[in-house]
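K.L.:
One structure coming up, written as structure tokens, with questions to follow.
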Amino acid sequence: MATMTLFTFPGFETLAEPLHPYLQQREFQIRRFANGEIFVTIATPFDLSHCILLGSITPPDENLLSLALLAHTLKKDGCKRITALIPYLAYSRQDKQKAGESLATAWTGSILHASGVDTVITIDVHSEHDQALYPMPLMSVSPAGVFAEAARKFGLADATVVAPDHGALQRCRALNNALGRAGVEVPYLSKRRDPSGVKHLEFCGQAAPRVLILDDILDTGATLTSACEMILRNGAKEIVVMVTHGLFTGSDWARLWSLGVSRIFCADTVPLPGSILEDPRITVLPVGSLLREGL
Ligand code: R5P
């Protein structure tokens, strides 16, 4: 196998640790001119066969453009192949083909591709549909095995996995499979999102007293708080939340605690602030080793 060289963006050092035995690390710097323009420098020489960039594409000015410019710099210098490891693929929620509405999944894919990225590896992409919107291969690795291990460790292996919307059904089935419950029905909630917010309309399936609700993203928490309210109305006595990407934007998501959620599990796909890392009710699950799949 050709030598692979790893470039880790700030905030992703812990996630990179499981990759260190397999990849050579290389320092680089992102600096800015006084007016904010980005400027990339890399210490040379190094092996340019296959460069691996580990980072984020959000917020875009800070991260998407930095990652794209680093990729462009490497390709300009002769790099043969670039793989971007983007554990949380931001903009993947903007994947609907609707006239007059941005299709930002395709937009970010085009920017990365035009900058020299040959392949993107992510964890738990929002929907399979996103892969068709990227102009180059986009591989999504499932965290279901890691989640199942945590569920067993915390005595949740018998909790009913519930999907907060129809789109989450597939990842919930993957978790059931990893728990050895292939084919078990996943109850789900029908959801509508309009300018006034998220509204859950109906609980579809068999209600259960112990619920593990699984989603890809916890952003503001609007989806999960509304889902928990409906699950409680349907007789749940205990709810735990599991999400792949814990964005924890704002403070509304903390209402999950007052609704009786006893624990939130999230993967470490985005850099998390101390307030989250130190909260004993939040369990962060390391998924860095999953990123090796596909390299
Ligand atoms: C939506 O389809 C996603 O899967 C998440 O449910 C949603 O993006 C979470 O966002 P928020 O926490 O702001 O409701």
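Ordering of the structure tokens sets the chain letters (A, B, ...), residue numbers begin anew at 1 in every chain, and ligands are numbered from 1 in the order given.
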For region 64-80 of chain A, work out the shell of residues within 9 Å, counting only C-alpha atoms and skipping chain neighbours fewer than 2 positions away, then give it as a PyMOL selection string.

P.N.:
chain A and resi 9+28+30+38-42+47-51+53-62+82+84+108+111-117

K.L.:
At a cut-off of 8 Å, can you tabulate as JSON lines every residue of chain A near ligand 1 together with its closest atom pair and the distance in Å to one decimal, using only C-alpha atoms and all ligand atoms and ordering rows by chain then number?

P.N.:
{"residue": "A:Arg93", "atom": "CA", "partner": "ligand 1", "partner_atom_place_in_ligand_line": "2 (O)", "distance": 6.6}
{"residue": "A:His126", "atom": "CA", "partner": "ligand 1", "partner_atom_place_in_ligand_line": "4 (O)", "distance": 6.4}
{"residue": "A:Pro164", "atom": "CA", "partner": "ligand 1", "partner_atom_place_in_ligand_line": "6 (O)", "distance": 7.0}
{"residue": "A:Asp165", "atom": "CA", "partner": "ligand 1", "partner_atom_place_in_ligand_line": "6 (O)", "distance": 7.2}
{"residue": "A:Gly167", "atom": "CA", "partner": "ligand 1", "partner_atom_place_in_ligand_line": "2 (O)", "distance": 6.5}
{"residue": "A:Ala168", "atom": "CA", "partner": "ligand 1", "partner_atom_place_in_ligand_line": "4 (O)", "distance": 6.5}
{"residue": "A:Val198", "atom": "CA", "partner": "ligand 1", "partner_atom_place_in_ligand_line": "14 (O)", "distance": 7.0}
{"residue": "A:Asp215", "atom": "CA", "partner": "ligand 1", "partner_atom_place_in_ligand_line": "4 (O)", "distance": 5.9}
{"residue": "A:Asp216", "atom": "CA", "partner": "ligand 1", "partner_atom_place_in_ligand_line": "4 (O)", "distance": 5.3}
{"residue": "A:Ile217", "atom": "CA", "partner": "ligand 1", "partner_atom_place_in_ligand_line": "5 (C)", "distance": 4.7}
{"residue": "A:Leu218", "atom": "CA", "partner": "ligand 1", "partner_atom_place_in_ligand_line": "12 (O)", "distance": 4.1}
{"residue": "A:Asp219", "atom": "CA", "partner": "ligand 1", "partner_atom_place_in_ligand_line": "12 (O)", "distance": 3.5}
{"residue": "A:Thr220", "atom": "CA", "partner": "ligand 1", "partner_atom_place_in_ligand_line": "13 (O)", "distance": 3.7}
{"residue": "A:Gly221", "atom": "CA", "partner": "ligand 1", "partner_atom_place_in_ligand_line": "12 (O)", "distance": 3.4}
{"residue": "A:Ala222", "atom": "CA", "partner": "ligand 1", "partner_atom_place_in_ligand_line": "14 (O)", "distance": 3.9}
{"residue": "A:Thr223", "atom": "CA", "partner": "ligand 1", "partner_atom_place_in_ligand_line": "14 (O)", "distance": 3.7}
{"residue": "A:Leu224", "atom": "CA", "partner": "ligand 1", "partner_atom_place_in_ligand_line": "14 (O)", "distance": 6.3}
{"residue": "A:Phe248", "atom": "CA", "partner": "ligand 1", "partner_atom_place_in_ligand_line": "12 (O)", "distance": 7.7}
{"residue": "A:Thr249", "atom": "CA", "partner": "ligand 1", "partner_atom_place_in_ligand_line": "13 (O)", "distance": 7.8}
{"residue": "A:Trp253", "atom": "CA", "partner": "ligand 1", "partner_atom_place_in_ligand_line": "12 (O)", "distance": 7.2}

K.L.:
Please produce, as CSV, a per-residue contact table for region 172-198 of chain A versus region 234-240 of chain A (criterion: any atom at most 12 Å away, only C-alpha atoms considered), showing the nearest atom pair and its distance in Å to one decimal, sorted by chain then residue number.

P.N.:
residue,atom,partner,partner_atom,distance
A:Pro187,CA,A:Asn234,CA,11.4
A:Tyr188,CA,A:Asn234,CA,11.9
A:Leu189,CA,A:Asn234,CA,11.1

K.L.:
Taking the backbone alone, and naming residues the way the document does, which bits of region 89-228 of chain A are strand (DSSP E) by DSSP, as a VMD selection string?

P.N.:
chain A and resid 119 to 123 138 to 141 160 to 162 188 to 194 197 to 204 210 to 218

K.L.:
What does the structure give for the distance between CA of Thr83 (chain A) and CA of Leu138 (chain A), in Å to one decimal?

P.N.:
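Separation of CA of Thr83 (chain A) and CA of Leu138 (chain A): 9.9 Å.
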
K.L.:
Rank A:Tyr88, A:Trp107, A:Phe147, A:Phe154 by their smallest atom-to-atom distance to Leu247 (chain A), using only C-alpha atoms, and report the top residue only.

P.N.:
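Checking each candidate against Leu247 (chain A), we get A:Tyr88 as the closest.
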
K.L.:
If I take CA of Cys204 (chain A) and CA of Gly145 (chain A), how far is one from the other in Å, to one decimal?

P.N.:
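According to the coordinates, CA of Cys204 (chain A) and CA of Gly145 (chain A) are separated by 25.7 Å.
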
K.L.:
Pick the closest to Val184 (chain A) from A:Thr3, A:Asn63, A:Ser196, A:Gln206: which is it, counting only C-alpha atoms?

P.N.:
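Ranking A:Thr3, A:Asn63, A:Ser196, A:Gln206 by distance to Val184 (chain A), first place goes to A:Gln206.
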
K.L.:
Using backbone DSSP assignments, extract all helix (DSSP H, G or I) residues from region 95-253 of chain A; output them as JSON, numbers by chain.

P.N.:
{"A": [104, 105, 106, 107, 108, 109, 110, 111, 112, 113, 114, 129, 130, 131, 132, 133, 144, 145, 146, 147, 148, 149, 150, 151, 152, 153, 166, 167, 168, 169, 170, 171, 172, 173, 174, 175, 176, 177, 178, 222, 223, 224, 225, 226, 227, 228, 229, 230, 231, 232, 233, 252, 253]}

K.L.:
Find, counting only C-alpha atoms, the residue in A:Asp95, A:Glu37, A:Asp158, A:Glu229 that gets nearest to Leu133 (chain A).

P.N.:
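Distance minimum relative to Leu133 (chain A) lands on A:Asp95.
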
K.L.:
Go ahead and compute the interatomic distance for CA of Leu232 (chain A) and CA of Leu259 (chain A), in Å to one decimal.

P.N.:
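A separation of 8.5 Å between them.
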
K.L.:
Select from region 223-270 of chain A every residue with an atom at most 12 Å from any atom of region 171-180 of chain A, then for each give the shortest pair of atoms and their distance in Å to one decimal, using only C-alpha atoms, rows by chain and rising number, as JSON lines.

P.N.:
{"residue": "A:Met242", "atom": "CA", "partner": "A:Cys172", "partner_atom": "CA", "distance": 10.2}
{"residue": "A:Val243", "atom": "CA", "partner": "A:Arg171", "partner_atom": "CA", "distance": 10.4}
{"residue": "A:Thr244", "atom": "CA", "partner": "A:Arg171", "partner_atom": "CA", "distance": 10.1}

K.L.:
Let me see the file: selected residues, N, CA, C and O atoms, as a PDB file, in the first residue's frame.

P.N.:
ATOM      1  N   MET A 242     -29.750   8.754  21.498  1.00  0.00           N
ATOM      2  CA  MET A 242     -28.472   8.435  20.876  1.00  0.00           C
ATOM      3  C   MET A 242     -28.396   9.202  19.560  1.00  0.00           C
ATOM      4  O   MET A 242     -29.347   9.145  18.765  1.00  0.00           O
ATOM      5  N   VAL A 243     -27.316   9.937  19.367  1.00  0.00           N
ATOM      6  CA  VAL A 243     -27.153  10.660  18.095  1.00  0.00           C
ATOM      7  C   VAL A 243     -25.719  10.486  17.603  1.00  0.00           C
ATOM      8  O   VAL A 243     -24.796  10.334  18.405  1.00  0.00           O
ATOM      9  N   THR A 244     -25.568  10.535  16.302  1.00  0.00           N
ATOM     10  CA  THR A 244     -24.217  10.426  15.751  1.00  0.00           C
ATOM     11  C   THR A 244     -23.491  11.760  15.881  1.00  0.00           C
ATOM     12  O   THR A 244     -22.348  11.802  16.328  1.00  0.00           O
TER      13      THR A 244
END

K.L.:
Restricting the calculation to only C-alpha atoms, which member of A:Gln170, A:Gln24, A:Val284, A:Val270 is positioned closest to Leu85 (chain A)?

P.N.:
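Checking each of A:Gln170, A:Gln24, A:Val284, A:Val270 against Leu85 (chain A), counting only C-alpha atoms, the winner is A:Val270.
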